[in-house]
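Peer 1: Sharing query_34.cif here; it has mmCIF, C-alpha atoms.
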```
data_query
#
loop_
_atom_site.group_PDB
_atom_site.id
_atom_site.type_symbol
_atom_site.label_atom_id
_atom_site.label_comp_id
_atom_site.auth_asym_id
_atom_site.auth_seq_id
_atom_site.Cartn_x
_atom_site.Cartn_y
_atom_site.Cartn_z
ATOM 1 C CA MET A 141 16.460 110.591 82.394
ATOM 2 C CA LEU A 142 19.693 111.112 84.291
ATOM 3 C CA HIS A 143 18.770 114.635 85.399
ATOM 4 C CA GLU A 144 15.585 113.309 86.996
ATOM 5 C CA ILE A 145 17.531 111.602 89.790
ATOM 6 C CA VAL A 146 16.750 113.909 92.715
ATOM 7 C CA ALA A 147 17.966 114.217 96.270
ATOM 8 C CA ARG A 148 15.414 112.311 98.351
ATOM 9 C CA PRO A 149 16.271 109.558 100.841
ATOM 10 C CA SER A 150 14.288 107.156 98.663
ATOM 11 C CA LEU A 151 14.707 103.477 98.044
ATOM 12 C CA ARG A 152 16.238 104.334 94.690
ATOM 13 C CA LEU A 153 18.939 106.493 96.263
ATOM 14 C CA ARG A 154 19.709 103.917 98.936
ATOM 15 C CA ALA A 155 19.991 101.378 96.137
ATOM 16 C CA LEU A 156 22.436 103.725 94.392
ATOM 17 C CA GLN A 157 24.677 103.760 97.461
ATOM 18 C CA TRP A 158 24.575 99.989 97.828
ATOM 19 C CA CYS A 159 25.297 99.654 94.124
ATOM 20 C CA ASN A 160 28.314 101.924 94.570
ATOM 21 C CA ARG A 161 29.706 99.717 97.346
ATOM 22 C CA ALA A 162 29.046 96.557 95.360
ATOM 23 C CA VAL A 163 30.781 97.916 92.260
ATOM 24 C CA LEU A 164 33.738 99.107 94.349
ATOM 25 C CA PHE A 165 34.042 95.683 95.939
ATOM 26 C CA ALA A 166 33.821 93.883 92.582
ATOM 27 C CA SER A 167 36.356 96.259 91.051
ATOM 28 C CA THR A 168 38.723 95.641 93.967
ATOM 29 C CA LEU A 169 38.483 91.891 93.359
ATOM 30 C CA PHE A 170 39.251 92.458 89.674
ATOM 31 C CA LEU A 171 41.913 95.174 89.931
ATOM 32 C CA GLY A 172 43.209 94.539 93.446
ATOM 33 C CA GLU A 173 45.869 92.025 92.433
ATOM 34 C CA TRP A 174 47.103 94.383 89.745
ATOM 35 C CA ALA A 175 47.258 97.153 92.341
ATOM 36 C CA LEU A 176 49.326 94.961 94.669
ATOM 37 C CA PHE A 177 51.751 94.176 91.858
ATOM 38 C CA GLY A 178 51.984 97.869 91.018
ATOM 39 C CA VAL A 179 52.861 98.787 94.600
ATOM 40 C CA PHE A 180 55.115 95.881 95.593
ATOM 41 C CA ARG A 181 56.465 94.368 92.365
ATOM 42 C CA CYS A 182 56.441 96.917 89.523
ATOM 43 C CA PRO A 183 60.080 97.543 88.507
ATOM 44 C CA PHE A 184 59.346 100.981 87.014
ATOM 45 C CA VAL A 185 59.129 104.301 88.834
ATOM 46 C CA VAL A 186 55.566 104.947 87.629
ATOM 47 C CA PRO A 187 53.405 101.830 87.969
ATOM 48 C CA PHE A 188 50.544 100.769 85.679
ATOM 49 C CA VAL A 189 51.761 102.600 82.567
ATOM 50 C CA SER A 190 54.637 100.500 81.172
ATOM 51 C CA CYS A 191 52.957 97.098 81.141
ATOM 52 C CA GLN A 192 53.926 96.587 77.483
ATOM 53 C CA ASN A 193 57.612 96.492 78.462
ATOM 54 C CA CYS A 194 57.342 94.891 81.888
ATOM 55 C CA PRO A 195 59.561 91.853 82.552
ATOM 56 C CA VAL A 196 57.402 90.553 85.426
ATOM 57 C CA ILE A 197 55.567 88.078 83.233
ATOM 58 C CA ILE A 198 53.158 86.786 85.899
ATOM 59 C CA CYS A 199 51.711 90.240 86.679
ATOM 60 C CA PRO A 200 47.997 90.602 85.812
ATOM 61 C CA GLY A 201 48.960 93.900 84.215
ATOM 62 C CA GLN A 202 50.202 91.857 81.275
ATOM 63 C CA ALA A 203 46.573 91.992 80.144
ATOM 64 C CA ALA A 204 47.262 95.663 79.464
ATOM 65 C CA ARG A 205 49.923 95.011 76.822
ATOM 66 C CA MET A 206 47.290 96.340 74.438
ATOM 67 C CA PHE A 207 47.796 99.580 76.311
ATOM 68 C CA TRP A 208 45.229 101.900 74.789
ATOM 69 C CA GLY A 209 42.629 99.157 74.509
ATOM 70 C CA PHE A 210 42.663 98.841 78.313
ATOM 71 C CA TRP A 211 43.316 102.410 79.343
ATOM 72 C CA GLY A 212 40.852 103.676 76.753
ATOM 73 C CA VAL A 213 38.077 102.572 79.113
ATOM 74 C CA TRP A 214 39.624 104.612 81.932
ATOM 75 C CA LEU A 215 39.999 107.636 79.682
ATOM 76 C CA ALA A 216 36.396 107.344 78.455
ATOM 77 C CA VAL A 217 35.123 107.270 82.047
ATOM 78 C CA ALA A 218 37.207 110.357 82.836
ATOM 79 C CA ALA A 219 35.978 112.228 79.759
ATOM 80 C CA LEU A 220 32.306 111.554 80.502
ATOM 81 C CA PHE A 221 32.111 111.314 84.298
ATOM 82 C CA GLY A 222 35.227 113.048 85.655
ATOM 83 C CA LYS A 223 36.474 111.393 88.846
ATOM 84 C CA ALA A 224 33.882 108.616 88.774
ATOM 85 C CA PHE A 225 36.738 106.122 88.412
ATOM 86 C CA CYS A 226 37.864 107.159 91.898
ATOM 87 C CA GLY A 227 34.396 106.859 93.390
ATOM 88 C CA TRP A 228 33.244 103.696 91.634
ATOM 89 C CA LEU A 229 36.174 101.623 90.335
ATOM 90 C CA CYS A 230 39.397 102.376 92.218
ATOM 91 C CA PRO A 231 40.476 99.763 94.804
ATOM 92 C CA GLY A 232 42.180 102.564 96.720
ATOM 93 C CA GLN A 233 38.804 104.175 97.364
ATOM 94 C CA LEU A 234 37.528 101.030 99.084
ATOM 95 C CA VAL A 235 40.729 100.645 101.104
ATOM 96 C CA ASN A 236 40.557 104.266 102.247
ATOM 97 C CA ARG A 237 36.890 103.948 103.168
ATOM 98 C CA ALA A 238 37.806 100.928 105.288
ATOM 99 C CA LEU A 239 40.627 102.844 106.987
ATOM 100 C CA ALA A 240 38.203 105.688 107.741
ATOM 101 C CA LEU A 241 36.082 103.278 109.801
ATOM 102 C CA ASN A 242 38.809 102.569 112.348
ATOM 103 C CA PRO A 243 37.681 103.321 115.946
ATOM 104 C CA PHE A 244 40.826 105.275 116.836
ATOM 105 C CA ARG A 245 40.158 108.230 114.510
ATOM 106 C CA PHE A 246 38.269 110.607 116.795
ATOM 107 C CA GLY A 247 36.656 113.885 115.773
ATOM 108 C CA SER A 248 37.469 115.905 112.670
ATOM 109 C CA ASN A 249 40.676 116.058 110.684
ATOM 110 C CA PRO A 250 43.618 117.958 112.183
ATOM 111 C CA ASP A 251 43.382 121.731 111.728
ATOM 112 C CA GLY A 252 44.724 123.002 108.422
ATOM 113 C CA VAL A 253 45.013 119.593 106.760
ATOM 114 C CA ALA A 254 42.953 120.775 103.764
ATOM 115 C CA ASN A 255 45.723 123.246 102.953
ATOM 116 C CA PHE A 256 47.943 120.358 101.836
ATOM 117 C CA ARG A 257 45.831 119.375 98.814
ATOM 118 C CA TRP A 258 48.684 120.649 96.610
ATOM 119 C CA ALA A 259 50.744 117.613 97.671
ATOM 120 C CA ARG A 260 49.075 115.280 95.161
ATOM 121 C CA TYR A 261 50.034 117.623 92.339
ATOM 122 C CA LEU A 262 53.629 117.477 93.543
ATOM 123 C CA VAL A 263 53.476 113.668 93.416
ATOM 124 C CA LEU A 264 51.911 113.857 89.945
ATOM 125 C CA ALA A 265 54.652 116.214 88.753
ATOM 126 C CA ALA A 266 57.317 113.858 90.122
ATOM 127 C CA GLY A 267 55.725 110.915 88.313
ATOM 128 C CA LEU A 268 55.462 112.773 85.011
ATOM 129 C CA THR A 269 59.086 113.867 85.336
ATOM 130 C CA ALA A 270 60.216 110.284 85.931
ATOM 131 C CA TRP A 271 58.111 109.049 83.018
ATOM 132 C CA PHE A 272 58.823 111.652 80.337
ATOM 133 C CA VAL A 273 62.058 113.348 81.410
ATOM 134 C CA LEU A 274 63.956 110.434 82.955
ATOM 135 C CA GLY A 275 62.514 107.918 80.513
ATOM 136 C CA GLN A 276 60.598 105.780 83.028
ATOM 137 C CA PRO A 277 63.696 104.027 84.434
ATOM 138 C CA ARG A 278 63.574 100.539 85.908
ATOM 139 C CA VAL A 279 64.482 100.845 89.568
ATOM 140 C CA ASP A 280 64.308 97.152 90.396
ATOM 141 C CA VAL A 281 66.431 95.121 88.006
ATOM 142 C CA PRO A 282 66.075 91.520 89.290
ATOM 143 C CA ILE A 283 63.080 89.631 87.870
ATOM 144 C CA ARG A 284 61.253 87.822 90.649
ATOM 145 C CA VAL A 285 58.947 84.896 89.945
ATOM 146 C CA GLY A 286 57.069 82.571 92.239
ATOM 147 C CA GLU A 287 54.743 83.290 95.173
ATOM 148 C CA PHE A 288 53.789 86.915 95.541
ATOM 149 C CA TRP A 289 54.953 87.909 99.039
ATOM 150 C CA PRO A 290 58.345 86.103 98.942
ATOM 151 C CA SER A 291 58.913 87.748 95.562
ATOM 152 C CA ALA A 292 57.839 91.127 96.939
ATOM 153 C CA TRP A 293 60.349 90.718 99.787
ATOM 154 C CA LEU A 294 63.149 90.050 97.300
ATOM 155 C CA THR A 295 62.019 93.037 95.238
ATOM 156 C CA TRP A 296 62.257 95.297 98.280
ATOM 157 C CA LYS A 297 65.601 93.800 99.294
ATOM 158 C CA HIS A 298 67.265 94.464 95.932
ATOM 159 C CA ALA A 299 65.430 97.599 94.772
ATOM 160 C CA PHE A 300 67.036 100.969 94.131
ATOM 161 C CA PRO A 301 66.430 103.975 96.450
ATOM 162 C CA MET A 302 63.907 105.546 94.080
ATOM 163 C CA TRP A 303 61.760 102.407 94.296
ATOM 164 C CA ASP A 304 62.007 102.508 98.093
ATOM 165 C CA LEU A 305 60.884 106.145 98.058
ATOM 166 C CA ARG A 306 57.863 105.305 95.935
ATOM 167 C CA LEU A 307 56.904 102.481 98.292
ATOM 168 C CA LEU A 308 57.338 104.742 101.341
ATOM 169 C CA ILE A 309 55.118 107.467 99.847
ATOM 170 C CA THR A 310 52.427 104.939 98.929
ATOM 171 C CA LEU A 311 52.317 103.076 102.234
ATOM 172 C CA GLY A 312 52.759 106.282 104.233
ATOM 173 C CA GLY A 313 49.890 107.981 102.423
ATOM 174 C CA LEU A 314 47.637 104.994 103.036
ATOM 175 C CA ALA A 315 48.638 104.730 106.703
ATOM 176 C CA LEU A 316 47.819 108.388 107.285
ATOM 177 C CA GLY A 317 44.268 107.491 106.336
ATOM 178 C CA LEU A 318 43.940 106.116 109.855
ATOM 179 C CA VAL A 319 44.011 109.665 111.244
ATOM 180 C CA VAL A 320 43.254 111.891 108.226
ATOM 181 C CA LEU A 321 40.038 111.042 106.408
ATOM 182 C CA MET A 322 40.705 109.659 102.900
ATOM 183 C CA CYS A 323 44.284 110.949 103.065
ATOM 184 C CA TRP A 324 45.559 109.009 100.045
ATOM 185 C CA CYS A 325 42.671 109.955 97.777
ATOM 186 C CA ARG A 326 42.574 113.623 98.785
ATOM 187 C CA PHE A 327 46.235 114.501 99.285
ATOM 188 C CA VAL A 328 48.594 111.925 97.745
ATOM 189 C CA CYS A 329 47.143 110.069 94.745
ATOM 190 C CA PRO A 330 48.653 111.345 91.459
ATOM 191 C CA PHE A 331 45.928 109.681 89.380
ATOM 192 C CA GLY A 332 43.332 111.554 91.401
ATOM 193 C CA ALA A 333 45.214 114.779 90.737
ATOM 194 C CA ALA A 334 45.129 114.118 86.974
ATOM 195 C CA LEU A 335 41.427 113.260 87.115
ATOM 196 C CA GLU A 336 40.749 116.486 88.979
ATOM 197 C CA VAL A 337 41.560 118.299 85.743
ATOM 198 C CA ALA A 338 39.219 116.024 83.754
ATOM 199 C CA ARG A 339 36.452 116.567 86.309
ATOM 200 C CA LYS A 340 36.154 120.234 85.366
ATOM 201 C CA PHE A 341 35.193 119.358 81.780
ATOM 202 C CA ALA A 342 33.190 116.141 82.199
ATOM 203 C CA PRO A 343 29.533 116.647 81.173
ATOM 204 C CA PHE A 344 27.883 114.146 83.551
ATOM 205 C CA ARG A 345 28.121 114.876 87.261
ATOM 206 C CA PHE A 346 26.300 115.445 90.523
ATOM 207 C CA TYR A 347 25.707 119.163 90.932
ATOM 208 C CA ARG A 348 23.705 121.629 93.017
ATOM 209 C CA THR A 349 20.901 123.765 91.637
ATOM 210 C CA GLU A 350 20.257 127.397 92.531
ATOM 211 C CA GLN A 351 18.075 126.199 95.438
ATOM 212 C CA CYS A 352 21.251 125.373 97.401
ATOM 213 C CA ASN A 353 21.370 127.349 100.673
ATOM 214 C CA ASP A 354 24.983 126.388 101.519
ATOM 215 C CA CYS A 355 23.978 124.406 104.605
ATOM 216 C CA ASP A 356 26.914 122.043 103.932
ATOM 217 C CA LYS A 357 25.024 118.901 104.948
ATOM 218 C CA CYS A 358 26.223 117.278 101.734
ATOM 219 C CA ARG A 359 29.837 117.993 102.708
ATOM 220 C CA ARG A 360 29.358 116.428 106.128
ATOM 221 C CA VAL A 361 28.088 113.133 104.700
ATOM 222 C CA CYS A 362 30.738 113.034 101.955
ATOM 223 C CA VAL A 363 33.739 110.862 102.736
ATOM 224 C CA MET A 364 35.830 113.164 100.529
ATOM 225 C CA ARG A 365 34.599 116.216 102.490
ATOM 226 C CA THR A 366 33.401 118.089 99.416
ATOM 227 C CA ARG A 367 30.165 119.191 97.757
ATOM 228 C CA PRO A 368 28.619 118.049 94.444
ATOM 229 C CA GLY A 369 30.563 119.321 91.462
ATOM 230 C CA GLU A 370 33.383 120.794 93.548
ATOM 231 C CA GLU A 371 37.007 119.763 94.015
ATOM 232 C CA ASN A 372 37.412 116.061 94.936
ATOM 233 C CA CYS A 373 33.822 115.135 93.979
ATOM 234 C CA THR A 374 33.904 111.538 92.692
ATOM 235 C CA ASN A 375 30.252 111.260 91.614
ATOM 236 C CA CYS A 376 29.707 108.488 94.159
ATOM 237 C CA GLY A 377 26.205 109.706 95.046
ATOM 238 C CA ASP A 378 26.505 109.493 98.845
ATOM 239 C CA CYS A 379 25.357 113.103 99.162
ATOM 240 C CA ALA A 380 22.196 112.683 97.100
ATOM 241 C CA GLY A 381 19.780 112.132 99.973
ATOM 242 C CA SER A 382 21.291 114.665 102.365
ATOM 243 C CA CYS A 383 19.992 117.967 101.014
ATOM 244 C CA PRO A 384 17.062 119.591 102.899
ATOM 245 C CA THR A 385 16.191 121.754 99.879
ATOM 246 C CA ASP A 386 16.348 118.855 97.403
ATOM 247 C CA CYS A 387 18.860 120.685 95.218
ATOM 248 C CA ILE A 388 21.217 117.847 94.225
ATOM 249 C CA ARG A 389 20.872 116.474 90.699
ATOM 250 C CA PHE A 390 22.819 114.172 88.424
ATOM 251 C CA GLY A 391 23.308 114.698 84.715
ATOM 252 C CA VAL A 392 24.482 117.518 82.490
ATOM 253 C CA LYS A 393 24.670 120.606 84.689
ATOM 254 C CA ARG A 394 22.016 123.072 83.692
ATOM 255 C CA TYR A 395 22.320 126.854 83.643
ATOM 256 C CA GLY A 396 22.261 128.205 87.162
ATOM 257 C CA GLY A 397 23.636 125.056 88.778
ATOM 258 C CA LYS A 398 26.369 125.395 91.361
ATOM 259 C CA GLY A 399 29.768 123.717 91.511
ATOM 260 C CA ASN A 400 32.803 123.839 89.197
#
```
Once more with this new file: its structure as structure tokens, please.
Peer 2:
Amino acid sequence: MLHEIVARPSLRLRALQWCNRAVLFASTLFLGEWALFGVFRCPFVVPFVSCQNCPVIICPGQAARMFWGFWGVWLAVAALFGKAFCGWLCPGQLVNRALALNPFRFGSNPDGVANFRWARYLVLAAGLTAWFVLGQPRVDVPIRVGEFWPSAWLTWKHAFPMWDLRLLITLGGLALGLVVLMCWCRFVCPFGAALEVARKFAPFRFYRTEQCNDCDKCRRVCVMRTRPGEENCTNCGDCAGSCPTDCIRFGVKRYGGKGN
């Protein structure tokens, strides 16, 4: 049973962590090219959502012309497991984990950085405004075909200012991950902001039982700097073997469990 997975540093839990990394890596191989097209080639303000009308015919996102058939999987994951897409399937999660390993990021995050978590909701609001209010305008008119990076260069050269702004926010948010742990995922990503809402209602999650003594060891081992069931929890399972009171469970949160 799912709720029988307990917080012991057992072989099973270590296997869970290795499975998480393997799935993230495989997902990056599968979705990574699509992500690169979304960042550097997508002619719309909001990438990944207008594939049915996209003129860039060589983009792997063309597989998503059956829009709800593809995104239905993403929505099902969100409905059942909250932000598990972030922790298990998103290429950005793997990229940010890699950035967090750089040897030049010393000590903890800068003081007060957690106070800027509202920024991702601002980015989400801007994206929704561009999509629904402005009608998802194309901000790069020329259609570029051929090799990816030469085409991306031409896209950048001829794009409109709004496209440049989107690229700057994306690359800037990722680059800040060199000094601020998981900056993109925690403070910039609009998809993560939307999934944060779904997380509150998803039935399956890691959570803490009433035995939790608030020692915060789970937060210290979590790359997202959170606790099971709380804001930013991606159900990755890294915290499962960290609890000295063995209070971390996975499944449908029972009465008395802690976390949102």
Peer 1: Can you work out which one of A:Val285, A:Cys191, A:Cys373, A:Cys355 has the shortest atom-to-atom distance to Glu336 in chain A, counting all atoms listed in the file?
Peer 2: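 Counting all atoms listed in the file, the residue closest to Glu336 in chain A is A:Cys373.
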Peer 1: Looking at A:Val363, A:Cys376, A:Ala342, A:Ala265, which one is nearest to Leu229 in chain A, with distances taken over all atoms listed in the file?
Peer 2: A:Cys376
Peer 1: The residues within 9 Å of (65.9, 93.5, 90.8), using all atoms listed in the file and the coordinates of the file, should be reported as a PyMOL selection string; which are they?
Peer 2: chain A and resi 183+278-284+294-300
Peer 1: As a ChimeraX atom specification, please: the residues near range 152-164 of chain A (cut-off 12 Å, all atoms listed in the file, same-chain neighbours under 2 positions excluded).
Peer 2: /A:144-150,166-172,224-238,362,374-382,388-390
Peer 1: What is the distance between CA of Arg365 in chain A and CA of Val328 in chain A, in Å to one decimal?
Peer 2: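 The value is 15.4 Å.
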Peer 1: May I have the protein, DNA and RNA residues with any atom at most 10 Å from the point (35.1, 117.0, 80.0), counting only C-alpha atoms, written as number ranges by chain?
Peer 2: A: 216-222, 337-344
Peer 1: Next, dump the selected residues to file, keeping only C-alpha atoms, as an mmCIF file, keeping the file's coordinate frame.
Peer 2:
```cif
data_model
loop_
_atom_site.group_PDB
_atom_site.id
_atom_site.type_symbol
_atom_site.label_atom_id
_atom_site.label_comp_id
_atom_site.auth_asym_id
_atom_site.auth_seq_id
_atom_site.Cartn_x
_atom_site.Cartn_y
_atom_site.Cartn_z
ATOM 1 C CA ALA A 216 36.396 107.344 78.455
ATOM 2 C CA VAL A 217 35.123 107.270 82.047
ATOM 3 C CA ALA A 218 37.207 110.357 82.836
ATOM 4 C CA ALA A 219 35.978 112.228 79.759
ATOM 5 C CA LEU A 220 32.306 111.554 80.502
ATOM 6 C CA PHE A 221 32.111 111.314 84.298
ATOM 7 C CA GLY A 222 35.227 113.048 85.655
ATOM 8 C CA VAL A 337 41.560 118.299 85.743
ATOM 9 C CA ALA A 338 39.219 116.024 83.754
ATOM 10 C CA ARG A 339 36.452 116.567 86.309
ATOM 11 C CA LYS A 340 36.154 120.234 85.366
ATOM 12 C CA PHE A 341 35.193 119.358 81.780
ATOM 13 C CA ALA A 342 33.190 116.141 82.199
ATOM 14 C CA PRO A 343 29.533 116.647 81.173
ATOM 15 C CA PHE A 344 27.883 114.146 83.551
#
```
Peer 1: For this file, the PyMOL selection byres ((chain A and resi 240) around 7) selects which residues, as a list of chain:residue names?
Peer 2: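 The output of the PyMOL selection byres ((chain A and resi 240) around 7) on this file is A:Asn236, A:Arg237, A:Ala238, A:Leu239, A:Leu241, A:Asn242, A:Gly317, A:Leu318, A:Leu321, A:Met322.
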Peer 1: Can you work out the spacing between CA of Gly201 in chain A and CA of Lys223 in chain A in Å, to one decimal?
Peer 2: 22.0 Å
Peer 1: Which residue out of A:Leu215, A:Val185, A:Ala203, A:Leu316 has the minimum interatomic distance to Gly267 in chain A when only C-alpha atoms are used?
Peer 2: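 Among the listed residues, the smallest separation from Gly267 in chain A belongs to A:Val185.
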Peer 1: Give me the result of the PyMOL selection byres ((chain A and resi 190) around 10) on this file, residue by residue, as a PyMOL selection string.
Peer 2: chain A and resi 182-189+191-194+201-202+204-205+207+271+276
Peer 1: Please, what distance in Å, to one decimal, runs between CA of Thr269 in chain A and CA of Pro301 in chain A?
Peer 2: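 Computing it gives 16.6 Å between the two atoms.
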Peer 1: With distances taken over all atoms listed in the file, which residue among A:Pro290, A:Gly312, A:Gly178, A:Gly391 lies nearest Val196 in chain A?
Peer 2: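 Among the listed residues, A:Gly178 lies closest to Val196 in chain A.
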Peer 1: Expanded to explicit residues, what is the PyMOL selection byres ((chain A and resi 330) around 7) for this file, as a PyMOL selection string?
Peer 2: chain A and resi 260-261+263-264+328-329+331-334
